[in-house]
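Quick notes on the structure that follows.
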Amino acid sequence: MRWGLGSVTAAIAAVLGAFGLPPIIAPAFRHTKSPWSPIGKIGAPEAGQADLALQGQVVATTFTRTLTDAFMPPQAQQTAVFVVNLGNGQFDVFDARCTHLGCPVSWNQSTNEFYCPCHGGVFNMQGNVVAGPPPRPLDRYEWKVQDGVLYAGGLYRVKGES
């Protein structure tokens, strides 16, 4: 009787596991590239947008990014970034959150530094840690320029000495 009940229980668990488990764990193994989202035109900004053509300037702006989750439909989210035009068609696109606890950072034009008001984190114009508790430089977005428009791709962490 025990053997028969154990066999039936094992068979039910095997069937449920074979058909129920893959849809639950498959999203964890799926690697999708982040879609490219337009940040803004370079040199001829539209109404309400910042001018991204100013070389050596830090521009605070936002763009709409589509977030995808394994079990939720795609959702649009406004994302705050800082864009630095390095010249010669090169840019840095920094995430506007501190790498310590995710507080919003701001740009201080007079000191040429990013500042986090939560715990006193300070980053230089290259996004590297100058002072405070942040464990690493500011996170960045992949970027590309296509037809005069700056696009943001995936967010990535910058590893390195602070």
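Each chain in the structure tokens gets a letter, A, B and so on, in the order shown; residues start at 1 in every chain, and ligands are counted from 1 in the order they appear.
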Which of chain A DSSP labels helix (DSSP H, G or I), written as a CSV table (one decimal) with C-alpha atoms, in the first residue's frame:
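Generated output (states12.csv):
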chain,number,residue,atom,x,y,z
A,2,ARG,CA,2.8,2.5,0.9
A,3,TRP,CA,4.7,1.6,-2.2
A,4,GLY,CA,1.7,2.1,-4.4
A,5,LEU,CA,0.7,5.4,-2.8
A,6,GLY,CA,4.3,6.6,-3.0
A,7,SER,CA,4.5,5.7,-6.7
A,8,VAL,CA,1.2,7.5,-7.5
A,9,THR,CA,2.4,10.6,-5.6
A,10,ALA,CA,5.8,10.5,-7.5
A,11,ALA,CA,4.0,10.2,-10.8
A,12,ILE,CA,1.7,13.1,-10.1
A,13,ALA,CA,4.7,15.3,-9.0
A,14,ALA,CA,6.7,14.3,-12.1
A,15,VAL,CA,3.8,15.3,-14.4
A,16,LEU,CA,3.1,18.6,-12.6
A,17,GLY,CA,6.9,19.3,-12.6
A,18,ALA,CA,7.3,18.5,-16.3
A,19,PHE,CA,4.5,20.7,-17.4
A,20,GLY,CA,4.3,23.4,-14.7
A,21,LEU,CA,8.0,24.1,-13.9
A,22,PRO,CA,9.4,25.2,-17.3
A,23,PRO,CA,7.1,28.2,-17.7
A,24,ILE,CA,8.0,29.4,-14.3
A,25,ILE,CA,11.8,29.1,-14.6
A,26,ALA,CA,12.3,29.7,-18.4
A,27,PRO,CA,12.2,33.6,-18.1
A,28,ALA,CA,15.2,33.4,-15.8
A,29,PHE,CA,17.2,31.9,-18.6
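Counting only C-alpha atoms and comparing A:Ala76, A:Lys159, A:Cys103, A:Arg140, the residue that lies closest to Pro35 of chain A is A:Ala76.
Once Gln78 of chain A and its same-chain neighbours fewer than 5 positions away are set aside, Thr61, Thr62, Phe63, Thr64, Arg65 and Thr66 of chain A remain within 10 Å of it when counting only C-alpha atoms.
Counting only C-alpha atoms, Pro134 of chain A has the following residues at most 7 Å away, ignoring those fewer than 6 positions along the same chain: Thr99, His100 and Gly121 of chain A.
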May I have the selected residues written with N, CA and C atoms, as a short mmCIF file (atom, residue, chain, number, x, y, z; two decimals), in the first residue's frame?
data_model
loop_
_atom_site.label_atom_id
_atom_site.label_comp_id
_atom_site.auth_asym_id
_atom_site.auth_seq_id
_atom_site.Cartn_x
_atom_site.Cartn_y
_atom_site.Cartn_z
N THR A 99 24.84 54.85 -6.97
CA THR A 99 25.13 53.41 -6.89
C THR A 99 25.20 52.92 -5.45
N HIS A 100 24.99 53.81 -4.49
CA HIS A 100 24.99 53.41 -3.08
C HIS A 100 23.63 52.81 -2.72
N GLY A 121 27.32 61.17 -1.40
CA GLY A 121 28.13 60.62 -2.48
C GLY A 121 28.44 61.70 -3.51
#
**Asked** Near segment 80-91 of chain A, counting only C-alpha atoms, which residues have an atom at most 6 Å away, once you skip same-chain residues fewer than 4 positions from it, shown as number ranges by chain?
**Response** A: 55-62, 95-96
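Proximity ranking of A:Ala152, A:Val145, A:Cys118, A:Thr111 relative to Val130 of chain A places A:Thr111 first, based on only C-alpha atoms.
Of the listed residues A:Val105, A:Asn128, A:Arg157, A:Thr68, the one whose atoms come nearest to Glu142 of chain A is A:Arg157, with distances taken using only C-alpha atoms.
Among the candidates A:Gln146, A:Gln75, A:Asn112, A:Ser37, the residue lying nearest to Asn124 of chain A is A:Asn112 (atoms considered: only C-alpha atoms).
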